[in-house]
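**Q** Structure below; questions to follow.
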There are 2 protein chains.
Amino acid sequence: MRDAYHEELDSIGEGLVEMARLVGSAIGRATASMLDADLKLAESVIAADQRVDDLQHELEARAIALLARQQPVATDLRIVVTSLRMSADLERSGDLAQHVAKLARLRFPQSVVPHDLHATILEMGQLAQRLMAKAAEVIITKDVDLALQLEQDDDEMDLLHRTLFQHLMDDRWKHGIETAVDVTLLGRYYERFADHAVSVAKRVVYLVTGEHADDLQAAAPGPVESA
Amino acid sequence: MRDAYHEELDSIGEGLVEMARLVGSAIGRATASMLDADLKLAESVIAADQRVDDLQHELEARAIALLARQQPVATDLRIVVTSLRMSADLERSGDLAQHVAKLARLRFPQSVVPHDLHATILEMGQLAQRLMAKAAEVIITKDVDLALQLEQDDDEMDLLHRTLFQHLMDDRWKHGIETAVDVTLLGRYYERFADHAVSVAKRVVYLVTGEHADDLQAAAPGPVESA
């Protein structure tokens, strides 16, 4: 009985990893669809989010069934409850990737991002995808050091976000209000996506150590505050 | 034993209602602090979010303890798991209210919102507060009809959000990029706050009926999609 239980627990973990892979791929493809003004790619990212939502519902149902059937306590209980939270983070990340693709679709055949911001947005998209890939790796390996690294990577995202804002606020901004609004939202989407990846990793830290990630690195510099 | 259990369950419900009241008040006061450029009020909203975070941690710890000790099944299990999700929605709403207050603080002594948008932003703030007050009422009364009403109220928020965007995109926009960026973020904060209030109400519908709110009103018009 306990073996079937742990198998089910492992398989929930595998589902979380699959979700992380799907949304990591989604943010990469959404970014490409936007930078290249590729409507077909944008549409495919938007449609693919359904799979992420389905996976979340499936994982939640299984986690709840596990609670009811096996009535885990202590660590096992913590694992199941934490899985529920991670799946919520990942589902939301999928929404954010979808938002990026929807913006690409909305502005097609125009490109959302002016040329002088391509590099910054590309970097934000790549960093977001990398953060999610690391989050998936953290779920698999339960590597606390790697998990804590994500916080530093997130500082990079905050830096890129600030660069974006500096461009926007620069007197030489020549792209008009609509583009400023789009770029503001984009920046927010990437920043939130990264936050969710960090959150997934932090939850693994909590699972492994029983301590909140923030307490483990109280000495490290905190994330930059964003408006 | 079962009585103590249901008392504990009720008291978790009361904690959720308190969280909803705190964040409803926070979004109202954050809006005022911004429209009036009131630094003291903004600071107090920012500081008060700690109480919301503490409440969430407390409720989560108690929900998990309840799962471990009482090992509920069926409806009771669903209630506890759903409480965990509601507390996450409410905590996030508190963050969003805090974001509004931080924007007020960042721009002080300037006002974030130009005069011709005061009325729209005021309405968004009031609607957000009202949505959260209704969500609290839904938690208390478990009134499914009231819960479904929140979806309609949220359509109003989408409408206000579109009004805001129309202002931004209007050729006569004279407030510059910085204000456009601020107003874009503000719009997003209110919209997300409303989404979380709706989500809380939907979760109550699921608890009461066992069905997802969306299925219950498939015939009703869906929310307007926002970029």
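Starting from 1 in every chain, residues are counted up; chains themselves are A, B, ... following the order of the structure tokens, and ligands are numbered from 1 as listed.
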May I ask you to extract the residues of chain A within 6 Å of chain B, using only C-alpha atoms, and to give them as a list in words?

**A**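 Close enough to count are Ala68, Gln71, Val73, Leu103, Met169, Glu178 and Ala227 of chain A.
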
**Q** If we count only C-alpha atoms and set the cut-off at 12 Å, which residues sit around Asp10 of chain A, ignoring sequence neighbours fewer than 3 positions away in its own chain? Please answer as a PyMOL selection string.

**A** chain A and resi 3-7+13-17+59+62-63+66+76+79-80+83+139-140

**Q** Could you save the residues just selected, with N, CA, C and O atoms, as a compact mmCIF listing (two decimals), in the first residue's frame?

**A**
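Result went into again-v4.txt, see below:
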```txt
# COMPACT_ATOMS: atom_id res chain seq x y z
N ASP A 3 3.82 1.52 -1.02
CA ASP A 3 4.57 1.64 -2.26
C ASP A 3 3.73 2.31 -3.35
O ASP A 3 4.22 3.18 -4.06
N ALA A 4 2.49 1.86 -3.48
CA ALA A 4 1.59 2.47 -4.46
C ALA A 4 1.48 3.96 -4.13
O ALA A 4 1.43 4.81 -5.03
N TYR A 5 1.48 4.26 -2.84
CA TYR A 5 1.36 5.64 -2.42
C TYR A 5 2.55 6.47 -2.89
O TYR A 5 2.39 7.55 -3.48
N HIS A 6 3.74 5.94 -2.65
CA HIS A 6 4.92 6.71 -3.06
C HIS A 6 5.06 6.79 -4.57
O HIS A 6 5.58 7.77 -5.10
N GLU A 7 4.59 5.76 -5.25
CA GLU A 7 4.58 5.83 -6.71
C GLU A 7 3.67 6.97 -7.18
O GLU A 7 4.02 7.71 -8.09
N GLY A 13 4.92 14.43 -8.86
CA GLY A 13 6.14 15.19 -9.10
C GLY A 13 6.49 15.25 -10.58
O GLY A 13 6.88 16.30 -11.11
N GLU A 14 6.31 14.13 -11.26
CA GLU A 14 6.57 14.11 -12.72
C GLU A 14 5.62 15.04 -13.46
O GLU A 14 6.00 15.70 -14.43
N GLY A 15 4.39 15.07 -13.00
CA GLY A 15 3.41 15.98 -13.62
C GLY A 15 3.82 17.44 -13.46
O GLY A 15 3.68 18.24 -14.39
N LEU A 16 4.36 17.76 -12.28
CA LEU A 16 4.82 19.13 -12.05
C LEU A 16 5.98 19.47 -12.98
O LEU A 16 6.05 20.57 -13.54
N VAL A 17 6.88 18.52 -13.15
CA VAL A 17 8.01 18.74 -14.04
C VAL A 17 7.51 18.94 -15.47
O VAL A 17 7.99 19.84 -16.19
N LEU A 59 -3.61 17.09 -11.73
CA LEU A 59 -2.72 16.95 -10.58
C LEU A 59 -3.45 17.28 -9.28
O LEU A 59 -3.25 16.62 -8.26
N ARG A 62 -5.68 14.47 -8.32
CA ARG A 62 -4.92 13.34 -7.79
C ARG A 62 -4.36 13.62 -6.41
O ARG A 62 -4.32 12.73 -5.54
N ALA A 63 -3.92 14.86 -6.18
CA ALA A 63 -3.40 15.22 -4.86
C ALA A 63 -4.51 15.10 -3.81
O ALA A 63 -4.29 14.59 -2.71
N LEU A 66 -5.31 11.55 -3.10
CA LEU A 66 -4.25 10.98 -2.27
C LEU A 66 -4.44 11.35 -0.80
O LEU A 66 -4.28 10.50 0.09
N ASP A 76 5.07 13.68 4.29
CA ASP A 76 4.26 13.30 3.13
C ASP A 76 3.11 14.27 2.92
O ASP A 76 2.79 14.65 1.80
N ILE A 79 4.42 17.37 1.40
CA ILE A 79 4.70 17.21 -0.02
C ILE A 79 3.44 17.41 -0.86
O ILE A 79 3.44 18.12 -1.87
N VAL A 80 2.36 16.80 -0.41
CA VAL A 80 1.12 16.88 -1.19
C VAL A 80 0.59 18.32 -1.22
O VAL A 80 0.24 18.85 -2.29
N SER A 83 2.70 20.44 -3.43
CA SER A 83 2.45 20.17 -4.86
C SER A 83 1.28 20.99 -5.37
O SER A 83 1.29 21.49 -6.50
N ILE A 139 12.86 20.64 -8.94
CA ILE A 139 11.81 19.67 -8.56
C ILE A 139 12.37 18.24 -8.65
O ILE A 139 12.14 17.41 -7.78
N ILE A 140 13.15 17.99 -9.71
CA ILE A 140 13.68 16.64 -9.92
C ILE A 140 14.76 16.30 -8.90
O ILE A 140 14.74 15.26 -8.27
```

**Q** Distance atom CA of Ser111 of chain A-atom CA of Ala197 of chain A, one decimal place?

**A**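 For atom CA of Ser111 of chain A relative to atom CA of Ala197 of chain A, the distance reads 27.0 Å.
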
**Q** Among chain A, which ones does DSSP assign to helix (DSSP H, G or I) (computed from the backbone)? Answer as a ChimeraX atom specification.

**A** /A:2-35,39-70,74-107,115-141,144-169,176-209,213-216

**Q** Could you state the separation of atom CA of Leu55 of chain A and atom CA of Asp95 of chain B in Å, given to one decimal place?

**A** 27.4 Å

**Q** For Arg92 of chain A, work out the shell of residues within 10 Å, counting only C-alpha atoms and skipping chain neighbours fewer than 2 positions away, then give it as a VMD selection string.

**A** chain A and resid 23 52 to 53 86 to 90 94 to 98 192 to 193 196

**Q** Which residue out of A:Leu159, A:Leu164, A:Ala128, A:Ala147 has the minimum interatomic distance to His212 of chain A when only C-alpha atoms are used?

**A**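 Smallest distance to His212 of chain A is found for A:Ala147.
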
**Q** Near Leu150 of chain A, within 10 Å and counting only C-alpha atoms, which residues show up once chain neighbours fewer than 6 positions away are dropped, as a compact mmCIF listing (two decimals) with N, CA, C and O atoms, in the first residue's frame?

**A**
```
# COMPACT_ATOMS: atom_id res chain seq x y z
N ARG A 130 14.95 30.07 -18.82
CA ARG A 130 16.03 29.43 -18.06
C ARG A 130 15.63 29.23 -16.59
O ARG A 130 15.91 28.20 -15.99
N LEU A 131 14.99 30.26 -16.03
CA LEU A 131 14.54 30.15 -14.64
C LEU A 131 13.58 28.98 -14.49
O LEU A 131 13.64 28.23 -13.51
N MET A 132 12.68 28.81 -15.47
CA MET A 132 11.71 27.74 -15.35
C MET A 132 12.38 26.38 -15.54
O MET A 132 12.01 25.41 -14.89
N LYS A 134 15.39 25.70 -14.66
CA LYS A 134 16.05 25.43 -13.36
C LYS A 134 15.04 25.00 -12.31
O LYS A 134 15.31 24.13 -11.49
N ALA A 135 13.87 25.61 -12.34
CA ALA A 135 12.83 25.23 -11.37
C ALA A 135 12.47 23.76 -11.57
O ALA A 135 12.30 23.01 -10.61
N VAL A 138 15.12 21.70 -10.15
CA VAL A 138 15.03 21.70 -8.68
C VAL A 138 13.96 20.71 -8.21
O VAL A 138 14.15 20.00 -7.22
N GLU A 156 18.69 39.36 -11.73
CA GLU A 156 18.99 39.70 -13.12
C GLU A 156 17.73 40.17 -13.84
O GLU A 156 17.75 41.13 -14.62
N ALA A 194 8.92 35.09 -13.78
CA ALA A 194 10.13 34.77 -13.03
C ALA A 194 9.81 34.57 -11.54
O ALA A 194 10.31 33.64 -10.91
N ASP A 195 8.94 35.42 -11.00
CA ASP A 195 8.55 35.28 -9.59
C ASP A 195 7.97 33.89 -9.32
O ASP A 195 8.23 33.28 -8.28
N ALA A 197 8.53 31.11 -11.01
CA ALA A 197 9.60 30.10 -11.08
C ALA A 197 10.38 30.08 -9.76
O ALA A 197 10.66 29.01 -9.20
N VAL A 198 10.69 31.26 -9.25
CA VAL A 198 11.40 31.36 -7.97
C VAL A 198 10.56 30.75 -6.86
O VAL A 198 11.05 30.03 -5.99
N SER A 199 9.27 31.03 -6.91
CA SER A 199 8.36 30.51 -5.88
C SER A 199 8.35 28.98 -5.88
O SER A 199 8.37 28.35 -4.81
N VAL A 200 8.33 28.38 -7.06
CA VAL A 200 8.37 26.91 -7.16
C VAL A 200 9.64 26.39 -6.48
O VAL A 200 9.61 25.45 -5.67
N ALA A 201 10.76 27.01 -6.81
CA ALA A 201 12.03 26.56 -6.24
C ALA A 201 12.05 26.73 -4.72
O ALA A 201 12.51 25.85 -3.99
N LYS A 202 11.49 27.85 -4.26
CA LYS A 202 11.45 28.09 -2.81
C LYS A 202 10.61 27.04 -2.08
O LYS A 202 10.90 26.66 -0.95
```

**Q** Name all residues at most 9 Å from Leu122 of chain B (count only C-alpha atoms; drop same-chain ones fewer than 5 positions away) and give them as a list of chain:residue names.

**A**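 So, after excluding close chain neighbours, the residues are B:Gly28, B:Thr31, B:Ala32, B:Leu35, B:Leu117, B:Leu127.
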
**Q** Find the spatial neighbours of Arg51 of chain A, counting only C-alpha atoms, within a cut-off of 12 Å - ignore same-chain residues fewer than 5 positions away - and output them as a list of chain:residue names.

**A**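 Surrounding residues, per the criterion: A:Gly15, A:Glu18, A:Met19, A:Ala20, A:Arg21, A:Leu22, A:Val23, A:Ala26, A:Ser44, A:Val45, A:Ile46, A:Gln56, A:His57, A:Glu58, A:Leu90, A:Glu91, A:Gly94, A:Asp95.
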
**Q** Can you measure atom CA of Arg203 of chain A to atom CA of Leu146 of chain A for me? One decimal in Å is fine.

**A**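 So the answer is 12.7 Å.
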